[in-house]
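Shown next: my_file_33.txt, given as compact mmCIF, C-alpha atoms.
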# COMPACT_ATOMS: atom_id res chain seq x y z
CA PHE A 1 -9.45 -3.93 20.52
CA PHE A 2 -7.11 -2.12 18.16
CA HIS A 3 -3.93 -4.05 18.99
CA VAL A 4 -5.71 -7.40 18.74
CA LEU A 5 -7.06 -6.40 15.33
CA VAL A 6 -3.67 -5.32 14.04
CA GLY A 7 -1.89 -8.41 15.40
CA ALA A 8 -4.36 -10.77 13.77
CA ALA A 9 -4.32 -8.90 10.47
CA SER A 10 -0.54 -8.65 10.13
CA ALA A 11 0.58 -11.97 11.67
CA PRO A 12 0.94 -13.94 8.39
CA LEU A 13 3.21 -11.35 6.80
CA HIS A 14 6.33 -12.18 8.75
CA ALA A 15 6.09 -15.84 7.85
CA GLN A 16 5.24 -15.50 4.18
CA THR A 17 6.93 -12.37 2.87
CA THR A 18 10.32 -13.21 1.38
CA PRO A 19 11.10 -10.67 -1.35
CA ALA A 20 14.38 -10.81 -3.22
CA ALA A 21 16.98 -8.38 -1.95
CA THR A 22 18.01 -5.56 -4.24
CA ALA A 23 20.31 -2.61 -3.79
CA ALA A 24 17.84 -0.07 -5.17
CA PRO A 25 18.47 3.41 -3.77
CA VAL A 26 15.90 5.05 -1.55
CA THR A 27 13.80 7.49 -3.58
CA PRO A 28 11.73 10.31 -2.13
CA PRO A 29 7.96 9.70 -2.40
CA ALA A 30 6.27 11.60 -5.20
CA THR A 31 2.73 11.10 -3.85
CA PRO A 32 1.13 10.38 -0.46
CA ALA A 33 0.97 6.77 0.64
CA PRO A 34 -2.50 5.34 -0.15
CA ILE A 35 -3.57 3.47 2.99
CA LYS A 36 -6.49 1.69 1.32
CA THR A 37 -4.16 0.04 -1.23
CA LEU A 38 -1.09 -0.56 0.92
CA ILE A 39 -2.83 -2.08 3.93
CA ALA A 40 -4.69 -4.66 1.85
CA ASP A 41 -1.98 -5.53 -0.70
CA PRO A 42 1.24 -6.97 0.82
CA GLU A 43 3.08 -6.88 -2.52
CA ALA A 44 2.31 -3.21 -3.03
CA LEU A 45 3.39 -2.43 0.54
CA ALA A 46 6.62 -4.44 0.11
CA THR A 47 7.40 -2.58 -3.11
CA TRP A 48 6.67 0.78 -1.48
CA LEU A 49 8.94 0.08 1.50
CA SER A 50 11.75 -1.40 -0.60
CA ASP A 51 11.73 1.84 -2.61
CA HIS A 52 11.51 4.23 0.34
CA SER A 53 12.72 2.51 3.54
CA HIS A 54 16.23 3.33 4.73
CA GLU A 55 16.31 0.16 6.83
CA ALA A 56 15.48 -1.95 3.78
CA ALA A 57 18.15 -0.13 1.77
CA ALA A 58 20.72 -0.86 4.49
CA ALA A 59 19.73 -4.54 4.56
CA ALA A 60 19.99 -4.72 0.76
CA ALA A 61 23.47 -3.20 0.97
CA ARG A 62 24.45 -5.94 3.45
CA VAL A 63 23.29 -8.53 0.90
CA ASP A 64 25.55 -6.92 -1.70
CA GLN A 65 28.43 -7.05 0.78
CA ALA A 66 27.83 -10.76 1.35
CA GLN A 67 27.72 -11.30 -2.42
CA ALA A 68 31.08 -9.57 -2.74
CA LEU A 69 32.52 -11.84 -0.03
CA ILE A 70 31.56 -14.87 -2.14
CA GLY A 71 33.63 -13.51 -4.98
CA ALA A 72 36.50 -12.79 -2.60
CA SER A 73 36.41 -16.34 -1.23
CA ARG A 74 37.05 -17.74 -4.71
CA LEU A 75 40.18 -15.68 -5.32
CA ARG A 76 43.60 -17.28 -5.13
CA PRO A 77 46.31 -15.67 -3.00
CA ASN A 78 48.31 -13.00 -4.78
CA PRO A 79 51.79 -13.93 -6.02
CA VAL A 80 54.76 -12.35 -4.28
CA VAL A 81 57.51 -10.78 -6.40
CA THR A 82 60.89 -10.19 -4.78
CA GLN A 83 63.78 -8.14 -6.15
CA GLY A 84 67.28 -8.79 -4.82
CA PHE A 85 70.63 -7.08 -5.15
CA GLY A 86 73.87 -8.45 -3.67
CA GLY A 87 77.55 -9.19 -4.12
CA VAL A 88 78.61 -5.64 -3.20
CA PRO A 89 82.29 -5.81 -2.14
CA ILE A 90 83.31 -4.27 1.16
CA GLY A 91 87.03 -3.89 1.69
CA ASP A 92 89.52 -6.15 -0.11
CA THR A 93 88.41 -8.31 -3.04
CA ASN A 94 89.57 -11.67 -4.32
CA PRO A 95 91.30 -11.29 -6.66
CA PRO A 96 92.30 -7.76 -5.64
CA GLY A 97 91.09 -4.71 -7.50
CA LEU A 98 87.59 -5.83 -8.40
CA GLY A 99 84.85 -3.19 -8.55
CA TRP A 100 81.10 -3.33 -8.16
CA GLY A 101 80.57 -4.09 -11.78
CA ASP A 102 82.72 -7.22 -11.44
CA THR A 103 81.04 -8.78 -8.36
CA VAL A 104 77.42 -7.68 -7.98
CA ASN A 105 74.43 -9.90 -8.68
CA TYR A 106 70.76 -9.11 -8.90
CA GLY A 107 67.74 -11.20 -9.44
CA THR A 108 63.97 -11.55 -9.34
CA SER A 109 61.84 -14.29 -7.75
CA VAL A 110 58.12 -15.04 -7.86
CA ALA A 111 56.37 -17.00 -5.11
CA GLN A 112 52.83 -18.36 -5.38
CA MET A 113 50.93 -20.10 -2.60
CA PHE A 114 48.56 -22.92 -3.54
CA GLU A 115 45.82 -23.57 -0.97
CA ILE A 116 44.93 -27.19 -0.38
CA GLY A 117 41.33 -27.95 0.64
CA LYS A 118 40.46 -24.48 1.91
CA ARG A 119 38.74 -22.60 -0.89
CA ALA A 120 35.69 -24.87 -0.98
CA PRO A 121 34.68 -24.54 2.72
CA ARG A 122 35.46 -20.82 2.66
CA THR A 123 33.18 -20.33 -0.35
CA THR A 124 30.49 -22.51 1.27
CA ALA A 125 30.59 -20.34 4.39
CA ALA A 126 30.38 -17.17 2.29
CA ARG A 127 27.39 -18.52 0.37
CA ALA A 128 25.61 -19.48 3.59
CA ARG A 129 26.18 -16.00 5.01
CA MET A 130 24.78 -14.43 1.86
CA THR A 131 21.69 -16.63 2.27
CA ALA A 132 21.43 -15.42 5.86
CA GLU A 133 21.68 -11.78 4.76
CA ARG A 134 18.96 -12.33 2.17
CA ALA A 135 16.76 -13.78 4.90
CA ASN A 136 17.63 -10.84 7.15
CA TYR A 137 16.61 -8.49 4.34
CA ALA A 138 13.28 -10.28 4.04
CA GLY A 139 12.86 -10.13 7.82
CA THR A 140 13.67 -6.42 7.88
CA LEU A 141 11.14 -5.76 5.16
CA ALA A 142 8.51 -7.95 6.85
CA THR A 143 9.03 -6.14 10.17
CA ALA A 144 8.74 -2.78 8.43
CA MET A 145 5.54 -4.00 6.76
CA ALA A 146 4.05 -5.11 10.08
CA ASP A 147 4.92 -1.76 11.71
CA ALA A 148 3.52 0.15 8.74
CA ARG A 149 0.29 -1.87 8.74
CA GLU A 150 -0.14 -1.26 12.45
CA ALA A 151 0.38 2.47 11.94
CA MET A 152 -2.10 2.57 9.05
CA ALA A 153 -4.61 0.54 11.04
CA HIS A 154 -4.20 2.93 13.97
CA VAL A 155 -4.99 5.86 11.70
CA LEU A 156 -8.14 4.17 10.38
CA TYR A 157 -9.22 3.13 13.86
CA LEU A 158 -8.82 6.62 15.29
CA GLN A 159 -10.52 8.26 12.33
CA SER A 160 -13.48 5.88 12.73
CA ARG A 161 -13.52 6.69 16.42
CA ARG A 162 -13.48 10.41 15.67
CA VAL A 163 -16.43 10.03 13.28
CA SER A 164 -18.33 8.00 15.86
CA THR A 165 -17.58 10.56 18.57
CA GLN A 166 -18.73 13.36 16.30
CA GLU A 167 -22.02 11.54 15.72
CA ASP A 168 -22.43 10.92 19.46
CA LEU A 169 -21.74 14.58 20.17
CA ALA A 170 -24.30 15.68 17.58
CA THR A 171 -26.87 13.34 19.13
CA ALA A 172 -26.04 14.56 22.64
CA ARG A 173 -26.47 18.17 21.55
CA GLN A 174 -29.85 17.35 20.01
CA ILE A 175 -30.90 15.67 23.24
CA LEU A 176 -29.69 18.70 25.17
CA ASP A 177 -31.81 20.98 22.99
CA LEU A 178 -34.86 18.78 23.64
CA GLN A 179 -34.24 18.76 27.35
CA ARG A 180 -33.81 22.52 27.40
CA ILE A 181 -37.42 22.80 26.18
CA ARG A 182 -38.48 20.52 29.01
CA LEU A 183 -36.47 22.65 31.40
CA ASP A 184 -38.23 25.79 30.18
CA ARG A 185 -41.61 24.08 30.73
CA GLY A 186 -40.64 22.94 34.19
CA ASP A 187 -40.65 19.23 33.28
CA LEU A 188 -36.92 18.79 34.03
CA SER A 189 -34.90 19.83 37.04
CA GLY A 190 -31.89 22.10 36.68
CA LEU A 191 -29.61 19.42 38.18
CA ASP A 192 -30.56 16.88 35.52
CA PHE A 193 -30.04 19.46 32.82
CA ASP A 194 -26.57 20.28 34.22
CA ARG A 195 -25.70 16.58 34.03
CA LEU A 196 -26.70 16.54 30.38
CA GLN A 197 -24.54 19.59 29.75
CA LEU A 198 -21.63 17.83 31.47
CA ASP A 199 -22.11 14.80 29.20
CA VAL A 200 -21.87 17.07 26.16
CA GLN A 201 -18.71 18.70 27.53
CA VAL A 202 -17.15 15.27 28.12
CA LEU A 203 -17.89 14.27 24.52
CA GLU A 204 -16.40 17.56 23.29
CA ALA A 205 -13.20 16.89 25.27
CA ASP A 206 -13.14 13.31 23.99
CA LEU A 207 -13.48 14.57 20.43
CA ALA A 208 -10.59 16.99 20.92
CA ARG A 209 -8.37 14.21 22.33
CA THR A 210 -9.31 11.90 19.49
CA ALA A 211 -8.49 14.59 16.93
CA ALA A 212 -5.07 15.02 18.56
CA ASP A 213 -4.56 11.24 18.53
CA VAL A 214 -5.43 11.17 14.82
CA ARG A 215 -2.80 13.81 14.09
CA GLU A 216 -0.22 11.89 16.11
CA ALA A 217 -1.09 8.60 14.40
CA GLN A 218 -0.80 10.25 10.99
CA GLY A 219 2.66 11.50 11.96
CA VAL A 220 3.75 7.98 12.98
CA CYS A 221 2.28 6.58 9.77
CA ALA A 222 4.15 9.15 7.68
CA ARG A 223 7.39 8.31 9.48
CA LEU A 224 7.02 4.58 8.80
CA LEU A 225 5.87 4.98 5.19
CA PHE A 226 8.19 7.92 4.44
CA ALA A 227 5.29 9.87 2.98
CA PRO A 228 2.06 11.52 4.15
CA CYS A 229 -0.62 8.89 4.73
CA ASP A 230 -3.74 9.22 2.59
CA ALA A 231 -6.69 7.48 4.30
CA SER A 232 -9.32 8.44 1.76
CA GLY A 233 -11.67 5.61 0.85
CA ALA A 234 -10.63 3.46 3.83
CA ASP A 235 -12.40 2.91 7.15
CA LEU A 236 -12.72 0.36 9.93
CA ASP A 237 -14.42 -2.10 7.59
CA THR A 238 -11.16 -2.22 5.62
CA LEU A 239 -9.45 -3.68 8.68
CA VAL A 240 -12.26 -6.11 9.39
CA GLY A 241 -11.95 -7.46 5.86
CA LEU A 242 -8.34 -8.48 6.57
CA LEU A 243 -9.33 -10.84 9.38
CA GLN A 244 -9.56 -14.55 8.78
CA PRO A 245 -12.71 -16.43 9.86
CA ALA A 246 -12.99 -16.71 13.62
CA ASP A 247 -13.15 -20.51 13.58
CA SER A 248 -10.20 -21.00 11.19
CA PRO A 249 -7.70 -23.52 12.63
CA LEU A 250 -3.96 -23.19 12.55
CA PRO A 251 -2.56 -24.26 9.16
CA ALA A 252 -1.55 -27.89 8.86
CA ASP A 253 1.90 -26.88 7.61
CA LEU A 254 2.51 -24.53 10.53
CA GLU A 255 5.89 -26.09 11.35
CA ALA A 256 7.05 -25.71 7.75
CA ARG A 257 5.89 -22.07 7.73
CA LEU A 258 7.70 -21.39 10.98
CA ALA A 259 10.88 -22.95 9.60
CA ALA A 260 10.54 -20.75 6.50
CA ARG A 261 10.27 -17.52 8.49
CA PRO A 262 13.06 -15.10 7.51
CA ASP A 263 14.57 -14.87 10.98
CA VAL A 264 14.52 -18.66 11.44
CA SER A 265 15.95 -19.20 7.96
CA ALA A 266 18.72 -16.70 8.66
CA LEU A 267 19.75 -18.59 11.79
CA GLY A 268 19.75 -21.87 9.83
CA ALA A 269 22.01 -20.37 7.16
CA GLN A 270 24.36 -19.04 9.81
CA ARG A 271 24.58 -22.53 11.29
CA GLU A 272 25.61 -23.83 7.87
CA ALA A 273 28.26 -21.13 7.74
CA THR A 274 29.68 -22.15 11.14
CA ALA A 275 29.82 -25.79 9.99
CA ALA A 276 31.87 -24.68 6.98
CA ASP A 277 34.07 -22.59 9.31
CA ILE A 278 34.77 -25.70 11.39
CA LEU A 279 35.77 -27.65 8.29
CA LEU A 280 38.00 -24.79 7.16
CA ALA A 281 39.69 -24.64 10.58
CA ARG A 282 40.32 -28.39 10.58
CA ARG A 283 41.97 -28.21 7.18
CA ARG A 284 44.50 -25.72 8.46
CA LYS A 285 46.51 -28.77 9.45
CA VAL A 286 47.06 -29.38 5.75
CA PRO A 287 50.03 -27.20 4.70
CA ASP A 288 49.67 -24.84 1.77
CA ALA A 289 52.65 -25.17 -0.55
CA VAL A 290 54.47 -22.05 -1.75
CA ILE A 291 56.19 -22.48 -5.13
CA ASN A 292 59.17 -20.19 -5.82
CA LEU A 293 60.75 -19.35 -9.17
CA GLY A 294 63.81 -17.09 -9.34
CA PHE A 295 66.19 -15.61 -11.88
CA LEU A 296 69.72 -14.45 -10.96
CA ARG A 297 72.06 -12.25 -13.00
CA ASP A 298 75.59 -12.67 -11.59
CA ARG A 299 78.50 -10.40 -12.61
CA PHE A 300 81.09 -12.33 -10.55
CA VAL A 301 82.03 -14.55 -13.47
CA ILE A 302 85.74 -14.18 -12.79
CA SER A 303 85.30 -16.64 -9.94
CA GLY A 304 83.64 -19.13 -12.28
CA ASN A 305 80.01 -18.28 -11.53
CA ASN A 306 77.42 -18.61 -14.25
CA PRO A 307 76.16 -15.20 -15.46
CA ARG A 308 72.50 -16.23 -15.64
CA THR A 309 70.74 -18.87 -13.54
CA LEU A 310 67.23 -19.99 -12.58
CA ALA A 311 66.21 -21.26 -9.16
CA PHE A 312 63.19 -23.33 -8.09
CA GLY A 313 61.91 -23.98 -4.58
CA VAL A 314 58.97 -25.19 -2.52
CA SER A 315 58.09 -23.90 0.97
CA VAL A 316 55.75 -25.87 3.22
CA PRO A 317 54.69 -24.52 6.65
CA ILE A 318 54.46 -27.00 9.50
CA ALA A 319 51.22 -26.89 11.55
CA LEU A 320 53.02 -27.32 14.84
CA PHE A 321 51.40 -24.74 17.12
CA ASP A 322 48.40 -23.24 15.29
CA ARG A 323 46.30 -26.13 14.01
CA GLY A 324 42.99 -24.25 14.08
CA GLN A 325 41.99 -25.85 17.36
CA PHE A 326 40.66 -22.66 18.93
CA ASP A 327 38.81 -21.61 15.78
CA ILE A 328 37.14 -25.03 15.80
CA ALA A 329 36.04 -24.56 19.43
CA ARG A 330 34.77 -21.04 18.74
CA SER A 331 32.78 -22.07 15.65
CA ALA A 332 31.33 -25.09 17.45
CA ALA A 333 30.17 -22.89 20.32
CA ALA A 334 28.67 -20.43 17.84
CA GLY A 335 26.80 -23.30 16.19
CA ARG A 336 25.35 -24.40 19.52
CA GLU A 337 24.30 -20.82 20.25
CA LEU A 338 22.54 -20.53 16.89
CA GLN A 339 20.82 -23.88 17.40
CA ALA A 340 19.48 -22.84 20.80
CA THR A 341 18.39 -19.43 19.49
CA GLN A 342 16.62 -21.00 16.53
CA THR A 343 14.78 -23.51 18.73
CA ALA A 344 13.70 -20.77 21.14
CA LEU A 345 12.53 -18.59 18.26
CA VAL A 346 10.42 -21.35 16.70
CA THR A 347 8.90 -22.22 20.08
CA ARG A 348 7.98 -18.60 20.75
CA ALA A 349 6.58 -18.17 17.24
CA ARG A 350 4.41 -21.29 17.65
CA THR A 351 3.04 -19.95 20.94
CA GLU A 352 2.36 -16.55 19.39
CA ALA A 353 0.50 -18.16 16.49
CA GLU A 354 -1.77 -20.03 18.87
CA SER A 355 -2.32 -16.89 20.96
CA LEU A 356 -3.18 -14.82 17.89
CA ARG A 357 -5.71 -17.42 16.78
CA ASP A 358 -7.46 -17.25 20.16
CA ARG A 359 -7.35 -13.45 20.23
CA GLN A 360 -8.73 -13.27 16.71
CA ALA A 361 -11.67 -15.49 17.69
CA ALA A 362 -12.39 -13.22 20.66
CA LEU A 363 -12.09 -10.16 18.41
CA ALA A 364 -14.52 -11.60 15.86
CA ALA A 365 -17.06 -12.25 18.62
CA ALA A 366 -16.60 -8.72 19.97
CA LEU A 367 -17.09 -7.25 16.50
CA ALA A 368 -20.27 -9.27 15.99
CA THR A 369 -21.63 -8.07 19.34
CA LEU A 370 -20.64 -4.50 18.54
CA ARG A 371 -22.29 -4.51 15.13
CA ASP A 372 -25.45 -6.41 16.04
CA GLY A 373 -25.93 -4.85 19.45
CA ALA A 374 -24.31 -1.58 20.39
CA LEU A 375 -24.15 -0.04 16.93
CA ALA A 376 -27.72 -1.08 16.14
CA ARG A 377 -28.96 0.46 19.38
CA ALA A 378 -26.93 3.62 18.78
CA THR A 379 -28.43 3.96 15.31
CA GLY A 380 -31.92 3.51 16.76
CA ASP A 381 -31.24 6.10 19.43
CA ARG A 382 -30.12 8.64 16.82
CA LYS A 383 -33.26 8.00 14.74
CA SER A 384 -35.41 8.35 17.84
CA THR A 385 -33.68 11.59 18.74
CA ARG A 386 -34.30 13.01 15.26
CA LEU A 387 -37.99 12.05 15.47
CA ASN A 388 -38.32 13.66 18.89
CA SER A 389 -36.61 16.78 17.59
CA SER A 390 -39.09 16.98 14.71
CA HIS A 391 -42.03 16.38 17.08
CA VAL A 392 -40.89 19.15 19.46
CA ALA A 393 -40.31 21.52 16.58
CA LEU A 394 -43.83 20.89 15.28
CA SER A 395 -45.35 21.31 18.72
CA ARG A 396 -43.72 24.73 19.06
CA MET A 397 -45.17 25.98 15.80
CA PRO A 398 -48.13 28.42 16.19
Rewrite the structure of this file - the entire thing - as structure tokens.
Amino acid sequence: FFHVLVGAASAPLHAQTTPAATAAPVTPPATPAPIKTLIADPEALATWLSDHSHEAAAAAARVDQAQALIGASRLRPNPVVTQGFGGVPIGDTNPPGLGWGDTVNYGTSVAQMFEIGKRAPRTTAARARMTAERANYAGTLATAMADAREAMAHVLYLQSRRVSTQEDLATARQILDLQRIRLDRGDLSGLDFDRLQLDVQVLEADLARTAADVREAQGVCARLLFAPCDASGADLDTLVGLLQPADSPLPADLEARLAARPDVSALGAQREATAADILLARRRKVPDAVINLGFLRDRFVISGNNPRTLAFGVSVPIALFDRGQFDIARSAAAGRELQATQTALVTRARTEAESLRDRQAALAAALATLRDGALARATGDRKSTRLNSSHVALSRMP
């Protein structure tokens, strides 16, 4: 009952929650987490988790890293500055008797590479990967929200169960008191009375287990919300109010919603990045020219050399061996992997949506039966027990 309720109540979150990624630091909670507000308000829960969740903070940091990679992809290669020193005589000189100061030369050159057709696909790939990281952030936050809602719902469910068990135990004890009077009068056998005592003991043990389960559920809730969970003002009816009507069909734009899911969107953005990687690898066949500019100061003027000269040059690599062929194959295989993963994810999500709709309809029917049948009878039994207790008390008065 509980898991069906939580699944039906939290299913739309993963498909619809797409908050913007921020790099806000995780702050310690100043107050307990209010379950009544957070479980019914997705925006409030998303804000709470983005402020306190370490997983969300890590995902936001990955978005910032991807943003930095976009800036890096736009940068041009750094120029290369070279200092040279030569013309040092070793042994005899021509003409004889020349020293270092008469023959040496020294110079400086600057080389700058100009990429041809590579910055655009590299930037496109970086942008696509940032989009994927933003979607991953939204998916991380949506998953954290679903886990937190399940934990909060578990707390409310167990607290409602504890209250119900306490009421059942009180009723059982009242019945036991009534039957003890019958036992004293000889209207009830000792064996039947022992069975009633055993029923009370079973309810007492059940109450103790439920209390322990409540404490454990509150611990899980505090771990997922990073603060003590405050369940005041919330009960099982709070969960029931989150359910959609039992006969509600699947939305007409289900396929569009599935395609917009954060995890599906992230895979689509990664596919765009691999397509840009393939284009970048193909353009490695186009050589990137390196322009050189140099200045030379020559002291060997006695031989007729010019004392100061400039030099210009262009270097062009030849794509003879590495033409990006293996990077193309790797990126193409990665694209096929992402396509298959995305298709499988959408198919599984569609099946889960249909299953949740059927389970929600069954849950709504079970709730109606529980409210109109079992709970109504239990309430009547408690009223009858109270009336019997009053009747017996009056009959024992002198």
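Between atom CA of A:Cys221 and atom CA of A:Ala146 there is a distance of 11.8 Å.
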**Report entry** Residue neighbourhood A:Ala128, 7 Å, all atoms listed in the file, exclusion window fewer than 3 positions, as a list of chain:residue names
**Finding:** A:Thr124, A:Ala125, A:Thr131, A:Ala132, A:Ala269, A:Gln270, A:Glu272, A:Ala273
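Separating atom CA of A:Asn94 from atom CA of A:Tyr106 is a distance of 19.5 Å.
Counting from atom CA of A:Ala138, the distance to atom CA of A:Glu352 is 19.9 Å.
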Requested in this report: Pick out the closest residue to A:Thr238 from this set: A:Asn305, A:Ser164, A:Thr37, A:Asn105. Count all atoms listed in the file.
Outcome: A:Thr37
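Among the candidates A:Arg271, A:Arg261, A:Arg161, A:Arg323, the one nearest to A:Arg284 when counting all atoms listed in the file is A:Arg323.
Using all atoms listed in the file, the nearest neighbour of A:Arg282 within the list A:Thr309, A:Gln159, A:Gln325, A:Thr143 is A:Gln325.
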Query raised in the report: Near A:Ala275, counting all atoms listed in the file, which residues have an atom at most 12 Å away, once you skip same-chain residues fewer than 2 positions from it, shown as a PyMOL selection string?
Result: chain A and resi 121-122+124-126+128-129+268-273+277-282+327-336+338-339
Give me a file of those residues, with C-alpha atoms, as a compact mmCIF listing (two decimals), in the coordinates of the input.
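Saved result, out_37.txt, follows:
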# COMPACT_ATOMS: atom_id res chain seq x y z
CA PRO A 121 34.68 -24.54 2.72
CA ARG A 122 35.46 -20.82 2.66
CA THR A 124 30.49 -22.51 1.27
CA ALA A 125 30.59 -20.34 4.39
CA ALA A 126 30.38 -17.17 2.29
CA ALA A 128 25.61 -19.48 3.59
CA ARG A 129 26.18 -16.00 5.01
CA GLY A 268 19.75 -21.87 9.83
CA ALA A 269 22.01 -20.37 7.16
CA GLN A 270 24.36 -19.04 9.81
CA ARG A 271 24.58 -22.53 11.29
CA GLU A 272 25.61 -23.83 7.87
CA ALA A 273 28.26 -21.13 7.74
CA ASP A 277 34.07 -22.59 9.31
CA ILE A 278 34.77 -25.70 11.39
CA LEU A 279 35.77 -27.65 8.29
CA LEU A 280 38.00 -24.79 7.16
CA ALA A 281 39.69 -24.64 10.58
CA ARG A 282 40.32 -28.39 10.58
CA ASP A 327 38.81 -21.61 15.78
CA ILE A 328 37.14 -25.03 15.80
CA ALA A 329 36.04 -24.56 19.43
CA ARG A 330 34.77 -21.04 18.74
CA SER A 331 32.78 -22.07 15.65
CA ALA A 332 31.33 -25.09 17.45
CA ALA A 333 30.17 -22.89 20.32
CA ALA A 334 28.67 -20.43 17.84
CA GLY A 335 26.80 -23.30 16.19
CA ARG A 336 25.35 -24.40 19.52
CA LEU A 338 22.54 -20.53 16.89
CA GLN A 339 20.82 -23.88 17.40
Requested in this report: Select, from A:Ser73, A:Asp358, A:Arg127, A:Phe114, the residue with the minimum atom-to-atom distance to A:Thr274, counting only C-alpha atoms.
Outcome: A:Arg127
Requested in this report: Choose the residue, out of A:Val88, A:Ala266, A:Ala151, A:Ile35, that has the smallest atom-to-atom separation from A:Cys229; count all atoms listed in the file.
Outcome: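 Of the candidates, the smallest distance to A:Cys229 is held by A:Ile35.
Distances from A:Leu69, A:Leu225, A:Asp213, A:Leu75 to A:Asp51 were compared using only C-alpha atoms, and the smallest one belongs to A:Leu225.
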Name the residues in contact with A:Asp206 at a cut-off of 8 Å, using only C-alpha atoms, excluding same-chain residues fewer than 4 positions from it; report them as an mmCIF file with C-alpha atoms, in the frame of the given file.
data_model
loop_
_atom_site.group_PDB
_atom_site.id
_atom_site.type_symbol
_atom_site.label_atom_id
_atom_site.label_comp_id
_atom_site.auth_asym_id
_atom_site.auth_seq_id
_atom_site.Cartn_x
_atom_site.Cartn_y
_atom_site.Cartn_z
ATOM 1 C CA THR A 165 -17.580 10.560 18.570
ATOM 2 C CA VAL A 202 -17.150 15.270 28.120
ATOM 3 C CA THR A 210 -9.310 11.900 19.490
#
Query - Shell of 9 Å around A:Leu224, only C-alpha atoms, local chain residues under 4 positions omitted, as a VMD selection string - result: chain A and resid 49 53 144 to 145 147 to 148 151 219 to 220
Write the selection just made, keeping C-alpha atoms, as an mmCIF file, in the frame of the given file?
data_model
loop_
_atom_site.group_PDB
_atom_site.id
_atom_site.type_symbol
_atom_site.label_atom_id
_atom_site.label_comp_id
_atom_site.auth_asym_id
_atom_site.auth_seq_id
_atom_site.Cartn_x
_atom_site.Cartn_y
_atom_site.Cartn_z
ATOM 1 C CA LEU A 49 8.940 0.080 1.500
ATOM 2 C CA SER A 53 12.720 2.510 3.540
ATOM 3 C CA ALA A 144 8.740 -2.780 8.430
ATOM 4 C CA MET A 145 5.540 -4.000 6.760
ATOM 5 C CA ASP A 147 4.920 -1.760 11.710
ATOM 6 C CA ALA A 148 3.520 0.150 8.740
ATOM 7 C CA ALA A 151 0.380 2.470 11.940
ATOM 8 C CA GLY A 219 2.660 11.500 11.960
ATOM 9 C CA VAL A 220 3.750 7.980 12.980
#
Query raised in the report: Leaving out A:Leu258 and any residue of its chain fewer than 3 positions from it, which residues lie within 9 Å of it when counting only C-alpha atoms, given as a PyMOL selection string?
Result: chain A and resi 15+253-255+261-262+264+346+349-350
